[in-house]
2 protein chains.
Amino acid sequence: MGEKPLLDRVALIGLGLIGSSIAHAARRKSAAGHIAGYTHRAETRERARKVGFADSLHASLADAVRDADLVILCTPVGVYGEIAKEAAPHLRPGAILSDVGSVKTAVVRDVGPQVPEGVHFIPAHPIAGTEQSGPEAGFAELFEGRWCILTPPPGTEPAAIERLGDFWKRLGSAIDVMDPRHHDLVLAITSHVPHLIAYNIVGTAADLETVTQGEVIKYSAGGFRDFTRIAASDPTMWRDVFLNNREAVLEMLGRFNEDLSALQRAIRWGDGEALFNLFTRTRDIRRGIVEAGQDTAAPNFGRAKKD
Amino acid sequence: MGEKPLLDRVALIGLGLIGSSIAHAARRKSAAGHIAGYTHRAETRERARKVGFADSLHASLADAVRDADLVILCTPVGVYGEIAKEAAPHLRPGAILSDVGSVKTAVVRDVGPQVPEGVHFIPAHPIAGTEQSGPEAGFAELFEGRWCILTPPPGTEPAAIERLGDFWKRLGSAIDVMDPRHHDLVLAITSHVPHLIAYNIVGTAADLETVTQGEVIKYSAGGFRDFTRIAASDPTMWRDVFLNNREAVLEMLGRFNEDLSALQRAIRWGDGEALFNLFTRTRDIRRGIVEAGQDTAAPNFGRAKKD
């Protein structure tokens, strides 16, 4: 407040959970003098207007990105290519074109060729989110204490990388720079495969004949309910993640399946030692996550105590 | 307080998360005049003494269960048989012998034959817990708003079932009565398989060569951290669950694997529609769980907002 904004104009293309959270955080932290929002549906623009996190809302991509210092793609990654193509002629020289997608090699593949000379293309991925979506779901604290991974192509101007990093730091994040392929492998195991198996088990539970859906819901406090939270995430976003990180997801899923087969075998043959050993080993990783400040130590994630 | 206790003496055999939570809740809700606690390790008795949730702590099983109206086994299920055998001669006629185990057919199999004439044997399973364990982990609200499933053998005296149900209601739970086999199927999908795949993916992540354990920890906020909470649960308890619910777990795991293979195929062949359809369908179950009061509607389970 009163502080000089870090950037004059930031354009957010897509106004769901992440886009709206960036807007809230940028406003609170004085990271942008003007926040321009674009979303192609009139109804979503109207919802965004009601929440009121943007300084201007646009039905035209050209109008949204014009004169922006930083343009951030916040739509599902499946439409990045066409958006980049349409926006490209209207980007100002020296602007940074970035994104928030959960996959990075596909973004380099789809957006890279559209980027005009003089525009800095720096894909990024803030590792933060909730299971909720839409312009009402955003909040300013979403990125605080979280990591944001930048995957600049070789030869990107260091000053531009620094500028984008400063923007994310202002929103509360810590910055890492990574190769896009490595990013996609890391996220396949820390995010994509966990989402896939959460969606999968919720689907399996819904399709049983021997156990009713009502029973699954009633007795979900035994562990299942945690999976349903993840499986309530935005379907379009996640479809696009899996279509665009196929190789890394299939690789990690192969590992997961191998390990699960071994566990299945241990159960079938009553090998309690193998089970006990794995179940002991996995506690260390939880401890590491809590110590790294990436989750709360409170039991049940600190859900209301009665839970 | 001041209220006449529901039962005169309750003996808790095993003083971990569940045993200590029963003690806290029974005391607060005046469900027991005297709470006797047993655990075979002197060190655990000492820890329980420090927390102070029991009226008496015993190194002898016979002393703990003597004169108890209700004896509840709260140890891992793998040792139920030998405990029941040792305690049996000391149970008073008319006492209820119950438990809190996550499997029920194995409990009927192991404990049933040990139960003396005149003692009411009613296995039970409160669907509640956290990832923490030990006598310090318990709290009085754990069972509030949760379901407790009773699986009385055919011919059990209805008044005894009602007495045990009243005890759990006093602790805040709602009661269901179920066949033990059906219980084991329901819990296989709502609890056991979710725990197994959570343990499994955390193990897979720990063993990768292409992604370091440090990276897995740093970037866990993308979804993985939810799984690590579940995979931090008590190893002995969970080993015993899988060894004692083998058939139902393998059955449900078979379904899970079939469905996962179909998803894997959809990813490999780029079938976005199949992915989108599943990802949409799974939201309904989440909604049902929140509406049933079995989880919070707050994003990220209402973790501190900055998470």
# chains A, B, ... in the order shown; residues from 1 in each chain; ligands from 1
>>> residues_around(residues="Leu70 (chain A)", least_positions_apart="2", cutoff="9 Å", atoms="only C-alpha atoms", output="ChimeraX atom specification")
/A:7-12,65,67-68,72,95-98,164
>>> write_last_selection(atoms="N, CA and C atoms", output="PDB file, in the first residue's frame")
ATOM      1  N   LEU A   7       5.522  -4.184 -10.971  1.00  0.00           N
ATOM      2  CA  LEU A   7       5.303  -4.104 -12.421  1.00  0.00           C
ATOM      3  C   LEU A   7       4.113  -3.177 -12.658  1.00  0.00           C
ATOM      4  N   ASP A   8       4.120  -2.509 -13.826  1.00  0.00           N
ATOM      5  CA  ASP A   8       3.018  -1.584 -14.088  1.00  0.00           C
ATOM      6  C   ASP A   8       1.719  -2.318 -14.425  1.00  0.00           C
ATOM      7  N   ARG A   9       1.839  -3.261 -15.352  1.00  0.00           N
ATOM      8  CA  ARG A   9       0.608  -3.926 -15.800  1.00  0.00           C
ATOM      9  C   ARG A   9       0.833  -5.426 -15.956  1.00  0.00           C
ATOM     10  N   VAL A  10      -0.023  -6.193 -15.309  1.00  0.00           N
ATOM     11  CA  VAL A  10       0.038  -7.653 -15.411  1.00  0.00           C
ATOM     12  C   VAL A  10      -1.277  -8.135 -16.015  1.00  0.00           C
ATOM     13  N   ALA A  11      -1.193  -8.977 -17.030  1.00  0.00           N
ATOM     14  CA  ALA A  11      -2.404  -9.528 -17.648  1.00  0.00           C
ATOM     15  C   ALA A  11      -2.551 -11.002 -17.265  1.00  0.00           C
ATOM     16  N   LEU A  12      -3.716 -11.338 -16.740  1.00  0.00           N
ATOM     17  CA  LEU A  12      -3.982 -12.714 -16.346  1.00  0.00           C
ATOM     18  C   LEU A  12      -4.964 -13.318 -17.345  1.00  0.00           C
ATOM     19  N   VAL A  65      -3.783  -8.060 -23.154  1.00  0.00           N
ATOM     20  CA  VAL A  65      -2.313  -8.186 -23.088  1.00  0.00           C
ATOM     21  C   VAL A  65      -1.592  -6.916 -23.534  1.00  0.00           C
ATOM     22  N   ASP A  67       0.291  -3.691 -23.832  1.00  0.00           N
ATOM     23  CA  ASP A  67       1.080  -2.896 -22.876  1.00  0.00           C
ATOM     24  C   ASP A  67       1.406  -3.619 -21.565  1.00  0.00           C
ATOM     25  N   ALA A  68       1.078  -4.892 -21.474  1.00  0.00           N
ATOM     26  CA  ALA A  68       1.381  -5.608 -20.225  1.00  0.00           C
ATOM     27  C   ALA A  68       2.877  -5.892 -20.126  1.00  0.00           C
ATOM     28  N   ILE A  72       0.387 -13.721 -17.952  1.00  0.00           N
ATOM     29  CA  ILE A  72       0.445 -15.072 -17.362  1.00  0.00           C
ATOM     30  C   ILE A  72      -0.737 -15.898 -17.848  1.00  0.00           C
ATOM     31  N   ALA A  95       8.091  -7.521 -22.997  1.00  0.00           N
ATOM     32  CA  ALA A  95       7.134  -8.161 -22.092  1.00  0.00           C
ATOM     33  C   ALA A  95       7.611  -9.568 -21.744  1.00  0.00           C
ATOM     34  N   ILE A  96       7.156 -10.062 -20.593  1.00  0.00           N
ATOM     35  CA  ILE A  96       7.396 -11.465 -20.235  1.00  0.00           C
ATOM     36  C   ILE A  96       6.106 -12.234 -20.466  1.00  0.00           C
ATOM     37  N   LEU A  97       6.213 -13.346 -21.190  1.00  0.00           N
ATOM     38  CA  LEU A  97       5.070 -14.240 -21.357  1.00  0.00           C
ATOM     39  C   LEU A  97       5.324 -15.465 -20.494  1.00  0.00           C
ATOM     40  N   SER A  98       4.445 -15.704 -19.546  1.00  0.00           N
ATOM     41  CA  SER A  98       4.649 -16.829 -18.634  1.00  0.00           C
ATOM     42  C   SER A  98       3.336 -17.595 -18.470  1.00  0.00           C
ATOM     43  N   LEU A 164      10.718 -11.970 -13.280  1.00  0.00           N
ATOM     44  CA  LEU A 164       9.601 -12.878 -13.020  1.00  0.00           C
ATOM     45  C   LEU A 164       9.736 -13.511 -11.628  1.00  0.00           C
TER      46      LEU A 164
END
>>> residues_around(residues="Val108 (chain A)", least_positions_apart="5", cutoff="12 Å", atoms="only C-alpha atoms", output="PyMOL selection string")
chain A and resi 77+80-81+84+97-99+101+103+113-115+121-124+150-154+179-181+184+244
>>> write_last_selection(atoms="C-alpha atoms", output="short mmCIF file (atom, residue, chain, number, x, y, z; two decimals), in the first residue's frame")
data_model
loop_
_atom_site.label_atom_id
_atom_site.label_comp_id
_atom_site.auth_asym_id
_atom_site.auth_seq_id
_atom_site.Cartn_x
_atom_site.Cartn_y
_atom_site.Cartn_z
CA VAL A 77 -2.77 -26.06 -20.74
CA TYR A 80 -2.24 -22.44 -24.47
CA GLY A 81 -1.21 -22.87 -28.11
CA ALA A 84 -0.47 -17.69 -27.50
CA LEU A 97 5.07 -14.24 -21.36
CA SER A 98 4.65 -16.83 -18.63
CA ASP A 99 2.12 -19.36 -17.36
CA GLY A 101 0.68 -24.87 -15.97
CA VAL A 103 3.38 -29.45 -17.19
CA PRO A 113 6.96 -21.26 -31.51
CA GLN A 114 4.35 -18.49 -31.10
CA VAL A 115 6.51 -16.10 -29.09
CA PHE A 121 9.10 -16.49 -22.74
CA ILE A 122 9.52 -18.02 -19.26
CA PRO A 123 7.23 -20.91 -18.34
CA ALA A 124 6.51 -21.17 -14.63
CA LEU A 150 10.68 -21.46 -13.53
CA THR A 151 11.76 -23.31 -16.67
CA PRO A 152 13.31 -20.65 -18.91
CA PRO A 153 14.50 -21.86 -22.32
CA PRO A 154 18.28 -21.75 -22.88
CA ASP A 179 14.83 -28.00 -16.85
CA PRO A 180 11.27 -28.55 -18.18
CA ARG A 181 11.78 -32.29 -18.62
CA ASP A 184 7.66 -32.93 -15.58
CA ASN A 244 0.39 -33.31 -21.91
#
>>> atom_distance(atom1="CA of Ile18 (chain B)", atom2="CA of Trp168 (chain B)")
12.7 Å
>>> select_by_dssp(residues="region 63-268 of chain B", states="helix (DSSP H, G or I)", output="PyMOL selection string")
chain B and resi 63-65+77-90+105-114+158-170+180-207+213-218+220-222+224-230+235-244+246-268
>>> closest_residue(among="A:Tyr219, A:Phe53, A:Tyr199, A:Phe227", to="Ser20 (chain A)", atoms="only C-alpha atoms")
A:Phe53
>>> select_by_dssp(residues="region 68-197 of chain A", states="strand (DSSP E)", output="MDAnalysis selection string")
chainID A and resid 70:73 96:99 120:121 124:126 147:150 174:177
>>> residues_around(residues="region 142-144 of chain A", least_positions_apart="4", cutoff="10 Å", atoms="only C-alpha atoms", output="PyMOL selection string")
(chain A and resi 17-18+21-22+24-25+126-130+138+148+168-174) or (chain B and resi 305-307)
>>> residues_around(residues="Lys29 (chain B)", least_positions_apart="6", cutoff="10 Å", atoms="only C-alpha atoms", output="list in words")
Met1, Glu3, Pro5, Leu6, Ala23, Ala140, Phe167, Arg170, Leu171 and Gly172 of chain B
>>> write_last_selection(atoms="N, CA and C atoms", output="PDB file, in the first residue's frame")
ATOM      1  N   MET B   1     -20.500 -34.283  34.193  1.00  0.00           N
ATOM      2  CA  MET B   1     -19.979 -33.992  35.532  1.00  0.00           C
ATOM      3  C   MET B   1     -21.119 -34.050  36.562  1.00  0.00           C
ATOM      4  N   GLU B   3     -23.082 -36.190  36.766  1.00  0.00           N
ATOM      5  CA  GLU B   3     -23.966 -37.164  36.123  1.00  0.00           C
ATOM      6  C   GLU B   3     -23.551 -38.585  36.532  1.00  0.00           C
ATOM      7  N   PRO B   5     -22.330 -42.111  35.967  1.00  0.00           N
ATOM      8  CA  PRO B   5     -21.655 -42.685  34.801  1.00  0.00           C
ATOM      9  C   PRO B   5     -22.478 -43.817  34.179  1.00  0.00           C
ATOM     10  N   LEU B   6     -22.353 -43.948  32.865  1.00  0.00           N
ATOM     11  CA  LEU B   6     -23.101 -44.948  32.108  1.00  0.00           C
ATOM     12  C   LEU B   6     -22.714 -46.360  32.545  1.00  0.00           C
ATOM     13  N   ALA B  23     -10.587 -43.073  26.527  1.00  0.00           N
ATOM     14  CA  ALA B  23     -10.465 -42.653  27.919  1.00  0.00           C
ATOM     15  C   ALA B  23     -10.810 -41.171  28.089  1.00  0.00           C
ATOM     16  N   ALA B 140     -10.472 -36.165  23.211  1.00  0.00           N
ATOM     17  CA  ALA B 140     -11.851 -36.538  23.537  1.00  0.00           C
ATOM     18  C   ALA B 140     -12.818 -36.410  22.366  1.00  0.00           C
ATOM     19  N   PHE B 167     -22.843 -46.651  24.978  1.00  0.00           N
ATOM     20  CA  PHE B 167     -21.501 -46.177  25.348  1.00  0.00           C
ATOM     21  C   PHE B 167     -20.906 -45.342  24.205  1.00  0.00           C
ATOM     22  N   ARG B 170     -22.582 -42.065  23.711  1.00  0.00           N
ATOM     23  CA  ARG B 170     -22.153 -41.121  24.724  1.00  0.00           C
ATOM     24  C   ARG B 170     -20.841 -40.439  24.312  1.00  0.00           C
ATOM     25  N   LEU B 171     -19.994 -41.205  23.613  1.00  0.00           N
ATOM     26  CA  LEU B 171     -18.728 -40.616  23.150  1.00  0.00           C
ATOM     27  C   LEU B 171     -18.921 -39.733  21.914  1.00  0.00           C
ATOM     28  N   GLY B 172     -20.150 -39.687  21.406  1.00  0.00           N
ATOM     29  CA  GLY B 172     -20.426 -38.790  20.282  1.00  0.00           C
ATOM     30  C   GLY B 172     -20.679 -39.473  18.949  1.00  0.00           C
TER      31      GLY B 172
END
>>> decode(residues="region 101-127 of chain B", atoms="N, CA and C atoms", output="PDB file, in the first residue's frame")
ATOM      1  N   GLY B 101     -10.946 -52.804  16.409  1.00  0.00           N
ATOM      2  CA  GLY B 101     -10.132 -53.179  15.250  1.00  0.00           C
ATOM      3  C   GLY B 101     -10.770 -52.842  13.912  1.00  0.00           C
ATOM      4  N   SER B 102      -9.908 -52.595  12.921  1.00  0.00           N
ATOM      5  CA  SER B 102     -10.355 -52.198  11.586  1.00  0.00           C
ATOM      6  C   SER B 102     -10.775 -53.385  10.729  1.00  0.00           C
ATOM      7  N   VAL B 103     -10.631 -54.590  11.255  1.00  0.00           N
ATOM      8  CA  VAL B 103     -11.119 -55.779  10.558  1.00  0.00           C
ATOM      9  C   VAL B 103     -12.036 -56.514  11.527  1.00  0.00           C
ATOM     10  N   LYS B 104     -12.990 -57.246  11.012  1.00  0.00           N
ATOM     11  CA  LYS B 104     -13.954 -57.840  11.931  1.00  0.00           C
ATOM     12  C   LYS B 104     -14.082 -59.362  11.791  1.00  0.00           C
ATOM     13  N   THR B 105     -13.960 -59.950  10.606  1.00  0.00           N
ATOM     14  CA  THR B 105     -14.085 -61.415  10.541  1.00  0.00           C
ATOM     15  C   THR B 105     -12.919 -62.075  11.277  1.00  0.00           C
ATOM     16  N   ALA B 106     -11.734 -61.504  11.153  1.00  0.00           N
ATOM     17  CA  ALA B 106     -10.577 -62.085  11.831  1.00  0.00           C
ATOM     18  C   ALA B 106     -10.729 -61.979  13.352  1.00  0.00           C
ATOM     19  N   VAL B 107     -11.408 -60.941  13.814  1.00  0.00           N
ATOM     20  CA  VAL B 107     -11.614 -60.773  15.254  1.00  0.00           C
ATOM     21  C   VAL B 107     -12.592 -61.838  15.761  1.00  0.00           C
ATOM     22  N   VAL B 108     -13.639 -62.071  14.979  1.00  0.00           N
ATOM     23  CA  VAL B 108     -14.579 -63.135  15.329  1.00  0.00           C
ATOM     24  C   VAL B 108     -13.837 -64.479  15.374  1.00  0.00           C
ATOM     25  N   ARG B 109     -12.985 -64.700  14.395  1.00  0.00           N
ATOM     26  CA  ARG B 109     -12.214 -65.941  14.291  1.00  0.00           C
ATOM     27  C   ARG B 109     -11.235 -66.109  15.469  1.00  0.00           C
ATOM     28  N   ASP B 110     -10.522 -65.033  15.824  1.00  0.00           N
ATOM     29  CA  ASP B 110      -9.458 -65.142  16.821  1.00  0.00           C
ATOM     30  C   ASP B 110      -9.953 -65.025  18.260  1.00  0.00           C
ATOM     31  N   VAL B 111     -10.925 -64.139  18.464  1.00  0.00           N
ATOM     32  CA  VAL B 111     -11.367 -63.860  19.834  1.00  0.00           C
ATOM     33  C   VAL B 111     -12.563 -64.733  20.216  1.00  0.00           C
ATOM     34  N   GLY B 112     -13.464 -64.925  19.261  1.00  0.00           N
ATOM     35  CA  GLY B 112     -14.702 -65.657  19.530  1.00  0.00           C
ATOM     36  C   GLY B 112     -14.519 -66.921  20.366  1.00  0.00           C
ATOM     37  N   PRO B 113     -13.607 -67.813  19.944  1.00  0.00           N
ATOM     38  CA  PRO B 113     -13.459 -69.087  20.660  1.00  0.00           C
ATOM     39  C   PRO B 113     -12.961 -68.934  22.104  1.00  0.00           C
ATOM     40  N   GLN B 114     -12.425 -67.775  22.458  1.00  0.00           N
ATOM     41  CA  GLN B 114     -11.872 -67.568  23.799  1.00  0.00           C
ATOM     42  C   GLN B 114     -12.899 -67.041  24.801  1.00  0.00           C
ATOM     43  N   VAL B 115     -14.062 -66.610  24.267  1.00  0.00           N
ATOM     44  CA  VAL B 115     -15.001 -65.892  25.126  1.00  0.00           C
ATOM     45  C   VAL B 115     -15.756 -66.855  26.044  1.00  0.00           C
ATOM     46  N   PRO B 116     -15.677 -66.650  27.359  1.00  0.00           N
ATOM     47  CA  PRO B 116     -16.345 -67.564  28.288  1.00  0.00           C
ATOM     48  C   PRO B 116     -17.864 -67.389  28.245  1.00  0.00           C
ATOM     49  N   GLU B 117     -18.540 -68.446  28.624  1.00  0.00           N
ATOM     50  CA  GLU B 117     -19.995 -68.421  28.810  1.00  0.00           C
ATOM     51  C   GLU B 117     -20.366 -67.211  29.673  1.00  0.00           C
ATOM     52  N   GLY B 118     -21.436 -66.526  29.293  1.00  0.00           N
ATOM     53  CA  GLY B 118     -21.906 -65.429  30.150  1.00  0.00           C
ATOM     54  C   GLY B 118     -21.274 -64.097  29.851  1.00  0.00           C
ATOM     55  N   VAL B 119     -20.263 -64.077  28.997  1.00  0.00           N
ATOM     56  CA  VAL B 119     -19.666 -62.805  28.587  1.00  0.00           C
ATOM     57  C   VAL B 119     -20.198 -62.463  27.195  1.00  0.00           C
ATOM     58  N   HIS B 120     -20.601 -61.195  26.999  1.00  0.00           N
ATOM     59  CA  HIS B 120     -21.134 -60.763  25.703  1.00  0.00           C
ATOM     60  C   HIS B 120     -19.983 -60.298  24.810  1.00  0.00           C
ATOM     61  N   PHE B 121     -19.834 -60.982  23.701  1.00  0.00           N
ATOM     62  CA  PHE B 121     -18.744 -60.633  22.783  1.00  0.00           C
ATOM     63  C   PHE B 121     -19.324 -59.839  21.609  1.00  0.00           C
ATOM     64  N   ILE B 122     -18.964 -58.554  21.533  1.00  0.00           N
ATOM     65  CA  ILE B 122     -19.503 -57.679  20.479  1.00  0.00           C
ATOM     66  C   ILE B 122     -18.368 -56.881  19.840  1.00  0.00           C
ATOM     67  N   PRO B 123     -17.826 -57.385  18.726  1.00  0.00           N
ATOM     68  CA  PRO B 123     -16.785 -56.623  18.041  1.00  0.00           C
ATOM     69  C   PRO B 123     -17.332 -55.282  17.569  1.00  0.00           C
ATOM     70  N   ALA B 124     -16.480 -54.282  17.549  1.00  0.00           N
ATOM     71  CA  ALA B 124     -16.900 -52.942  17.144  1.00  0.00           C
ATOM     72  C   ALA B 124     -15.761 -52.241  16.426  1.00  0.00           C
ATOM     73  N   HIS B 125     -16.126 -51.248  15.628  1.00  0.00           N
ATOM     74  CA  HIS B 125     -15.100 -50.488  14.909  1.00  0.00           C
ATOM     75  C   HIS B 125     -15.528 -49.025  14.769  1.00  0.00           C
ATOM     76  N   PRO B 126     -14.942 -48.162  15.584  1.00  0.00           N
ATOM     77  CA  PRO B 126     -15.188 -46.723  15.401  1.00  0.00           C
ATOM     78  C   PRO B 126     -14.409 -46.227  14.179  1.00  0.00           C
ATOM     79  N   ILE B 127     -15.118 -45.621  13.230  1.00  0.00           N
ATOM     80  CA  ILE B 127     -14.462 -45.159  11.990  1.00  0.00           C
ATOM     81  C   ILE B 127     -13.889 -43.771  12.247  1.00  0.00           C
TER      82      ILE B 127
END
